[in-house]
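Written out below as structure tokens is the structure these notes cover.
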Protein chains: 2
Amino acid sequence: MKFLIICYLLVFSNIILSQSQGKYTIVIHGGAGYIPADISQNVKDAYLQALSDALNIGRKILESGGTSLDAVEQVIRFFEDDSIFNAGKGAVFTAEGTHELDASIMNGKDLSCGAVAGVKTIKNPISLSRLVMEKTPHVLFTGEGAYKLGKKFGVDIVNNHYFDVVKRYEQWKKKHDENVKGTVGCVAIDEYGNIAAGTSTGGLTDKWAGRVGDSPLINAGTYANNKTCGVSCTGQGELFIRNTVAFNVSALMEYKGLSLQEAAEEIINRLPEGSGGLIAVDKDGNYVFVFNTSSMLRGIANAEGKFETAIWK
Amino acid sequence: MKFLIICYLLVFSNIILSQSQGKYTIVIHGGAGYIPADISQNVKDAYLQALSDALNIGRKILESGGTSLDAVEQVIRFFEDDSIFNAGKGAVFTAEGTHELDASIMNGKDLSCGAVAGVKTIKNPISLSRLVMEKTPHVLFTGEGAYKLGKKFGVDIVNNHYFDVVKRYEQWKKKHDENVKGTVGCVAIDEYGNIAAGTSTGGLTDKWAGRVGDSPLINAGTYANNKTCGVSCTGQGELFIRNTVAFNVSALMEYKGLSLQEAAEEIINRLPEGSGGLIAVDKDGNYVFVFNTSSMLRGIANAEGKFETAIWK
């Protein structure tokens, strides 16, 4: 009898186990920077609520057996549509008083990737990036060419003023860059073991026309590889390009055998204080938030029931 | 007396040594691809003469104590001005019948870098890339913004038709891509131990408007780091982006302790046959040409008197 009970429990626990193949981890960021510690409770609540809403979108997709690519795209679309963040609606103003948006996405399963840079009328640059990845033989499209591609694929096109938000306009008028590092990003691993990463941004307040930072650049701002990890960066883009930050985390893991935490810390420690940071998930579902600024809007959810959002260190 | 002779020899050998600080290595490429083995002697001679002329420009700069950055820029300017190569004048036609040029340059001393993508009227994209590196806080400029920057810096601006060449037009009309991998590049180390690398291209024949390949992307098509090596790539750009080819050579040397030859072979072997190749120089002046196509227009010169050009394996 005891033996039968044990057999029964073993079979039952296996069923539980095979159901808990629903393993996933998702991390998000809304930019690393210097959000003052004395912001009003209202502003703080708004940030945390938006992070929590974003995380819930990704969590639900992953919990119901969806892919990490879908989770990453949908979370970033939410950020792009929320004017609190410097991506999509709410993007900062360029020196010319317009908006130029950048985004990228990568699939760790086969290293396929897509990106757009300097788009002015694409409502959701992350979704056009995914179309570039899945529907073209190319990786990166810029400006007018990216617009034509978007039109061909039937994505939502908006007037450049759609992205205007009063707060950003005032920041630009004052050349005040409190929130210049407000890039958004998401990295997730799904129950199939596939890692995806994506990043989207309006770039730097008052940036020169045509300037492209790290966000739409695979290897610099975004990287994903099922063998190692997925990474999304936020910060002073030029430093992230010169130091190949996103890919470097993967390279330090693959070639030097570092853990995700060690690799992420090693590369961020090479950058000057205040440069920014990154979020990452490895192939075992471990995650990190590493940044050398005072704040990073961020969140984590996983299949073990963890669900957390935070602003400061 | 013997002691005096030894002293004299020691002093003399030191003079010789300090004079042989004039050590340098420079490698160049005019694209990896499939140049038929039966091309006419005239065409073959024209290729080899152009490679030899380019190499001489770099050699003279380096021999007279010039910097690797100057050598790389001037060699690539020469390639851009020579209509044999798919860079600058002679660039391939896009699907819209125009030209969109890309270039990048990197300084291994401090990882500073500059690049332009999708420029239509800049006569020498490599020189504008260098200005981006040295005169702006940014790394990459695209399209109209890059044009405005070029105008501000007073670089040569030309009509887009300046880049037209009959051969390219016929290739485009026939959608014939014999020479689509005609990117040009140069990597050098100077007597001060500084490594520089640069790449310039017209991209793919019949490419979609706005498509950007690996050539203007630091880490993918171009990389230089005095700690390890300098690299310039040529081939199917998207594969080079996904596999972080240029930076990967450096990462495999730094993190796994591979030699330049081993690192370059490891990364090119990951790519499908026919993808392209790379040229590279390491911090000790060693050099490699690694490609998985049938041809790579290439050349090498160094302070030991080596001066060679070649087309096929």
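Every chain in the structure tokens takes a letter, A first, then B, and so on in the order presented; its residues are numbered from 1, and the ligands are numbered from 1 following the presented order.
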Excluding stretch 89-104 of chain A and residues on its chain fewer than 2 positions from it, collect all residues at most 6 Å away from it, counting only C-alpha atoms, and give them as a ChimeraX atom specification. /A:80-81,83,85-87,114-120,125-126,129,163,165,168,198-202,205-208,215-216
Which residues are close to A:Thr136, i.e. within 12 Å by only C-alpha atoms, leaving aside same-chain residues fewer than 3 positions away? Reply as a tab-separated table (two decimals) with C-alpha atoms, in the first residue's frame.
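Result file is part11.tsv:
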```tsv
chain	number	residue	atom	x	y	z
A	112	SER	CA	17.59	36.78	-35.71
A	113	CYS	CA	17.03	40.45	-35.00
A	114	GLY	CA	15.39	43.62	-36.29
A	115	ALA	CA	15.74	47.31	-35.62
A	128	LEU	CA	8.20	47.52	-36.81
A	129	SER	CA	11.52	46.15	-35.51
A	130	ARG	CA	9.89	42.76	-35.10
A	131	LEU	CA	8.52	42.92	-38.65
A	132	VAL	CA	12.01	43.77	-39.93
A	133	MET	CA	13.27	40.67	-38.09
A	139	VAL	CA	18.34	43.81	-39.66
A	140	LEU	CA	18.30	47.60	-39.57
A	141	PHE	CA	16.26	50.24	-41.40
A	146	ALA	CA	11.90	52.49	-42.34
A	149	LEU	CA	8.60	49.64	-44.82
A	150	GLY	CA	6.14	50.42	-42.02
A	152	LYS	CA	4.07	48.48	-46.62
A	153	PHE	CA	3.48	46.32	-43.54
B	207	LYS	CA	18.97	46.98	-51.52
B	208	TRP	CA	15.76	48.34	-49.99
B	211	ARG	CA	18.61	49.20	-45.19
B	238	GLU	CA	23.16	40.82	-41.57
```
List as JSON lines every residue of chain B that is in contact with chain A, defined as an atom at most 9 Å from one of its atoms (using only C-alpha atoms), together with the nearest atom pair and the distance in Å rounded to one decimal, sorted by chain and then rising number.
```
{"residue": "B:Leu111", "atom": "CA", "partner": "A:Arg242", "partner_atom": "CA", "distance": 5.8}
{"residue": "B:Ser112", "atom": "CA", "partner": "A:Arg242", "partner_atom": "CA", "distance": 6.7}
{"residue": "B:Cys113", "atom": "CA", "partner": "A:Arg242", "partner_atom": "CA", "distance": 7.2}
{"residue": "B:Ala117", "atom": "CA", "partner": "A:Thr142", "partner_atom": "CA", "distance": 8.5}
{"residue": "B:Gly118", "atom": "CA", "partner": "A:Thr142", "partner_atom": "CA", "distance": 7.8}
{"residue": "B:Pro137", "atom": "CA", "partner": "A:Glu238", "partner_atom": "CA", "distance": 7.9}
{"residue": "B:His138", "atom": "CA", "partner": "A:Glu238", "partner_atom": "CA", "distance": 6.1}
{"residue": "B:Val139", "atom": "CA", "partner": "A:Glu238", "partner_atom": "CA", "distance": 6.0}
{"residue": "B:Leu140", "atom": "CA", "partner": "A:Val212", "partner_atom": "CA", "distance": 5.4}
{"residue": "B:Phe141", "atom": "CA", "partner": "A:Arg211", "partner_atom": "CA", "distance": 4.6}
{"residue": "B:Thr142", "atom": "CA", "partner": "A:Gly210", "partner_atom": "CA", "distance": 4.9}
{"residue": "B:Gly143", "atom": "CA", "partner": "A:Gly210", "partner_atom": "CA", "distance": 6.6}
{"residue": "B:Glu144", "atom": "CA", "partner": "A:Gly210", "partner_atom": "CA", "distance": 6.6}
{"residue": "B:Gly145", "atom": "CA", "partner": "A:Gly210", "partner_atom": "CA", "distance": 3.9}
{"residue": "B:Ala146", "atom": "CA", "partner": "A:Gly210", "partner_atom": "CA", "distance": 6.1}
{"residue": "B:Tyr147", "atom": "CA", "partner": "A:Gly210", "partner_atom": "CA", "distance": 8.9}
{"residue": "B:Lys148", "atom": "CA", "partner": "A:Ala209", "partner_atom": "CA", "distance": 8.3}
{"residue": "B:Leu149", "atom": "CA", "partner": "A:Ala209", "partner_atom": "CA", "distance": 8.8}
{"residue": "B:Trp208", "atom": "CA", "partner": "A:Gly145", "partner_atom": "CA", "distance": 7.4}
{"residue": "B:Ala209", "atom": "CA", "partner": "A:Gly145", "partner_atom": "CA", "distance": 4.7}
{"residue": "B:Gly210", "atom": "CA", "partner": "A:Gly145", "partner_atom": "CA", "distance": 3.9}
{"residue": "B:Arg211", "atom": "CA", "partner": "A:Phe141", "partner_atom": "CA", "distance": 4.6}
{"residue": "B:Val212", "atom": "CA", "partner": "A:Leu140", "partner_atom": "CA", "distance": 5.4}
{"residue": "B:Gly213", "atom": "CA", "partner": "A:Leu140", "partner_atom": "CA", "distance": 7.1}
{"residue": "B:Leu217", "atom": "CA", "partner": "A:Leu217", "partner_atom": "CA", "distance": 7.9}
{"residue": "B:Ile218", "atom": "CA", "partner": "A:Ile241", "partner_atom": "CA", "distance": 7.1}
{"residue": "B:Asn219", "atom": "CA", "partner": "A:Thr244", "partner_atom": "CA", "distance": 6.7}
{"residue": "B:Ala220", "atom": "CA", "partner": "A:Asn219", "partner_atom": "CA", "distance": 8.1}
{"residue": "B:Gly237", "atom": "CA", "partner": "A:His138", "partner_atom": "CA", "distance": 8.5}
{"residue": "B:Glu238", "atom": "CA", "partner": "A:Val139", "partner_atom": "CA", "distance": 6.0}
{"residue": "B:Ile241", "atom": "CA", "partner": "A:Ile218", "partner_atom": "CA", "distance": 7.1}
{"residue": "B:Arg242", "atom": "CA", "partner": "A:Leu111", "partner_atom": "CA", "distance": 5.8}
{"residue": "B:Asn243", "atom": "CA", "partner": "A:Leu111", "partner_atom": "CA", "distance": 7.7}
{"residue": "B:Thr244", "atom": "CA", "partner": "A:Asn219", "partner_atom": "CA", "distance": 6.7}
{"residue": "B:Phe247", "atom": "CA", "partner": "A:Thr244", "partner_atom": "CA", "distance": 7.8}
{"residue": "B:Asn248", "atom": "CA", "partner": "A:Ala251", "partner_atom": "CA", "distance": 8.1}
{"residue": "B:Ala251", "atom": "CA", "partner": "A:Ala251", "partner_atom": "CA", "distance": 7.0}
{"residue": "B:Leu252", "atom": "CA", "partner": "A:Tyr255", "partner_atom": "CA", "distance": 7.0}
{"residue": "B:Tyr255", "atom": "CA", "partner": "A:Lys256", "partner_atom": "CA", "distance": 5.6}
{"residue": "B:Lys256", "atom": "CA", "partner": "A:Tyr255", "partner_atom": "CA", "distance": 5.6}
```
Keeping only N, CA, C and O atoms, write those residues as a compact mmCIF listing (two decimals), in the first residue's frame.
```txt
# COMPACT_ATOMS: atom_id res chain seq x y z
N LEU B 111 39.04 53.60 -27.93
CA LEU B 111 37.73 53.07 -28.36
C LEU B 111 36.81 54.16 -28.91
O LEU B 111 35.59 53.94 -29.04
N SER B 112 37.34 55.34 -29.23
CA SER B 112 36.49 56.34 -29.87
C SER B 112 36.16 55.85 -31.28
O SER B 112 36.94 55.09 -31.88
N CYS B 113 35.01 56.26 -31.79
CA CYS B 113 34.60 55.77 -33.10
C CYS B 113 33.56 56.70 -33.70
O CYS B 113 32.93 57.49 -32.99
N ALA B 117 25.54 56.43 -41.86
CA ALA B 117 24.76 55.41 -42.58
C ALA B 117 23.73 56.07 -43.47
O ALA B 117 23.13 57.08 -43.08
N GLY B 118 23.57 55.53 -44.67
CA GLY B 118 22.53 56.01 -45.57
C GLY B 118 22.77 57.42 -46.07
O GLY B 118 21.82 58.16 -46.31
N PRO B 137 30.14 64.50 -29.85
CA PRO B 137 30.10 63.55 -28.72
C PRO B 137 29.42 62.24 -29.13
O PRO B 137 29.22 61.38 -28.29
N HIS B 138 29.05 62.11 -30.41
CA HIS B 138 28.26 60.97 -30.84
C HIS B 138 29.06 59.96 -31.66
O HIS B 138 30.22 60.19 -31.96
N VAL B 139 28.42 58.85 -32.01
CA VAL B 139 29.09 57.79 -32.78
C VAL B 139 28.49 57.64 -34.18
O VAL B 139 29.22 57.53 -35.15
N LEU B 140 27.16 57.64 -34.26
CA LEU B 140 26.52 57.30 -35.54
C LEU B 140 25.50 58.34 -35.96
O LEU B 140 24.64 58.73 -35.16
N PHE B 141 25.62 58.81 -37.20
CA PHE B 141 24.62 59.71 -37.77
C PHE B 141 24.08 59.09 -39.05
O PHE B 141 24.82 58.49 -39.81
N THR B 142 22.76 59.29 -39.27
CA THR B 142 22.16 58.71 -40.47
C THR B 142 21.55 59.80 -41.36
O THR B 142 21.21 60.88 -40.88
N GLY B 143 21.41 59.44 -42.64
CA GLY B 143 20.65 60.20 -43.63
C GLY B 143 20.83 61.70 -43.60
O GLY B 143 21.95 62.24 -43.67
N GLU B 144 19.69 62.39 -43.52
CA GLU B 144 19.64 63.85 -43.59
C GLU B 144 20.47 64.51 -42.48
O GLU B 144 21.15 65.51 -42.70
N GLY B 145 20.43 63.92 -41.28
CA GLY B 145 21.22 64.47 -40.17
C GLY B 145 22.71 64.39 -40.47
O GLY B 145 23.47 65.32 -40.17
N ALA B 146 23.13 63.29 -41.07
CA ALA B 146 24.55 63.14 -41.43
C ALA B 146 24.92 64.16 -42.51
O ALA B 146 26.01 64.75 -42.48
N TYR B 147 24.01 64.39 -43.44
CA TYR B 147 24.25 65.38 -44.50
C TYR B 147 24.45 66.78 -43.88
O TYR B 147 25.39 67.51 -44.24
N LYS B 148 23.56 67.13 -42.96
CA LYS B 148 23.67 68.46 -42.31
C LYS B 148 24.99 68.60 -41.57
O LYS B 148 25.63 69.65 -41.58
N LEU B 149 25.39 67.52 -40.93
CA LEU B 149 26.66 67.52 -40.20
C LEU B 149 27.82 67.72 -41.17
O LEU B 149 28.75 68.50 -40.92
N TRP B 208 16.93 47.55 -50.32
CA TRP B 208 15.76 48.34 -49.99
C TRP B 208 16.21 49.67 -49.41
O TRP B 208 17.21 49.72 -48.66
N ALA B 209 15.48 50.72 -49.71
CA ALA B 209 15.81 52.04 -49.17
C ALA B 209 15.87 51.97 -47.65
O ALA B 209 15.01 51.35 -47.02
N GLY B 210 16.89 52.57 -47.07
CA GLY B 210 17.01 52.64 -45.62
C GLY B 210 17.68 51.44 -44.98
O GLY B 210 17.98 51.46 -43.78
N ARG B 211 17.95 50.38 -45.76
CA ARG B 211 18.61 49.20 -45.19
C ARG B 211 20.06 49.54 -44.82
O ARG B 211 20.79 50.12 -45.61
N VAL B 212 20.45 49.20 -43.62
CA VAL B 212 21.82 49.43 -43.17
C VAL B 212 22.46 48.08 -42.85
O VAL B 212 21.86 47.26 -42.15
N GLY B 213 23.64 47.84 -43.40
CA GLY B 213 24.35 46.58 -43.15
C GLY B 213 25.33 46.72 -42.01
O GLY B 213 25.15 47.57 -41.12
N LEU B 217 28.45 49.81 -38.63
CA LEU B 217 28.15 49.41 -37.25
C LEU B 217 29.42 48.94 -36.54
O LEU B 217 29.96 47.87 -36.83
N ILE B 218 29.86 49.77 -35.60
CA ILE B 218 30.97 49.40 -34.74
C ILE B 218 30.59 48.09 -34.05
O ILE B 218 29.43 47.88 -33.70
N ASN B 219 31.53 47.19 -33.92
CA ASN B 219 31.34 45.85 -33.33
C ASN B 219 30.91 44.80 -34.34
O ASN B 219 31.29 43.64 -34.22
N ALA B 220 30.15 45.19 -35.35
CA ALA B 220 29.74 44.22 -36.38
C ALA B 220 30.73 44.25 -37.53
O ALA B 220 31.40 43.26 -37.81
N GLY B 237 26.08 41.51 -44.68
CA GLY B 237 26.07 42.33 -43.48
C GLY B 237 25.25 41.79 -42.33
O GLY B 237 25.67 41.82 -41.18
N GLU B 238 24.05 41.27 -42.65
CA GLU B 238 23.16 40.82 -41.57
C GLU B 238 23.79 39.69 -40.76
O GLU B 238 23.65 39.64 -39.53
N ILE B 241 26.26 41.23 -38.38
CA ILE B 241 25.64 41.90 -37.23
C ILE B 241 25.24 40.85 -36.20
O ILE B 241 25.57 40.96 -35.02
N ARG B 242 24.49 39.82 -36.66
CA ARG B 242 23.98 38.78 -35.73
C ARG B 242 25.11 38.07 -34.99
O ARG B 242 24.92 37.61 -33.88
N ASN B 243 26.27 37.95 -35.64
CA ASN B 243 27.38 37.23 -35.04
C ASN B 243 28.46 38.15 -34.48
O ASN B 243 29.53 37.68 -34.08
N THR B 244 28.16 39.46 -34.41
CA THR B 244 29.08 40.44 -33.80
C THR B 244 30.52 40.17 -34.26
O THR B 244 31.45 40.12 -33.45
N PHE B 247 33.87 42.61 -33.33
CA PHE B 247 34.20 42.60 -31.90
C PHE B 247 34.52 41.20 -31.41
O PHE B 247 35.34 41.01 -30.50
N ASN B 248 33.87 40.20 -31.98
CA ASN B 248 34.08 38.83 -31.54
C ASN B 248 35.54 38.39 -31.68
O ASN B 248 36.04 37.62 -30.84
N ALA B 251 37.11 39.77 -28.68
CA ALA B 251 36.63 39.10 -27.46
C ALA B 251 37.25 37.71 -27.32
O ALA B 251 37.65 37.30 -26.22
N LEU B 252 37.35 36.98 -28.43
CA LEU B 252 37.95 35.63 -28.38
C LEU B 252 39.43 35.71 -28.00
O LEU B 252 39.96 34.82 -27.33
N TYR B 255 39.24 37.25 -24.02
CA TYR B 255 38.60 36.44 -22.99
C TYR B 255 38.99 34.96 -23.05
O TYR B 255 38.89 34.25 -22.06
N LYS B 256 39.37 34.48 -24.25
CA LYS B 256 39.70 33.05 -24.37
C LYS B 256 41.16 32.81 -24.68
O LYS B 256 41.59 31.66 -24.78
```
Could you pull out all residues of stretch 130-266 of chain B with a DSSP call of strand (DSSP E or B) and give them as an NGL selection string? :B and (140-142 or 157 or 184-189 or 195-201 or 211-212 or 218 or 222-224 or 229-235)
I need the residues of stretch 102-291 of chain B that end up classed as alpha helix (DSSP H) by DSSP on the backbone, written out as a ChimeraX atom specification. /B:125-135,143-153,166-173,237-242,245-256,260-269
Got a sec: who's within 6 Å of stretch 60-68 of chain A, counting only C-alpha atoms, leaving out chain neighbours fewer than 6 positions off, as a ChimeraX atom specification? /A:188-190,196
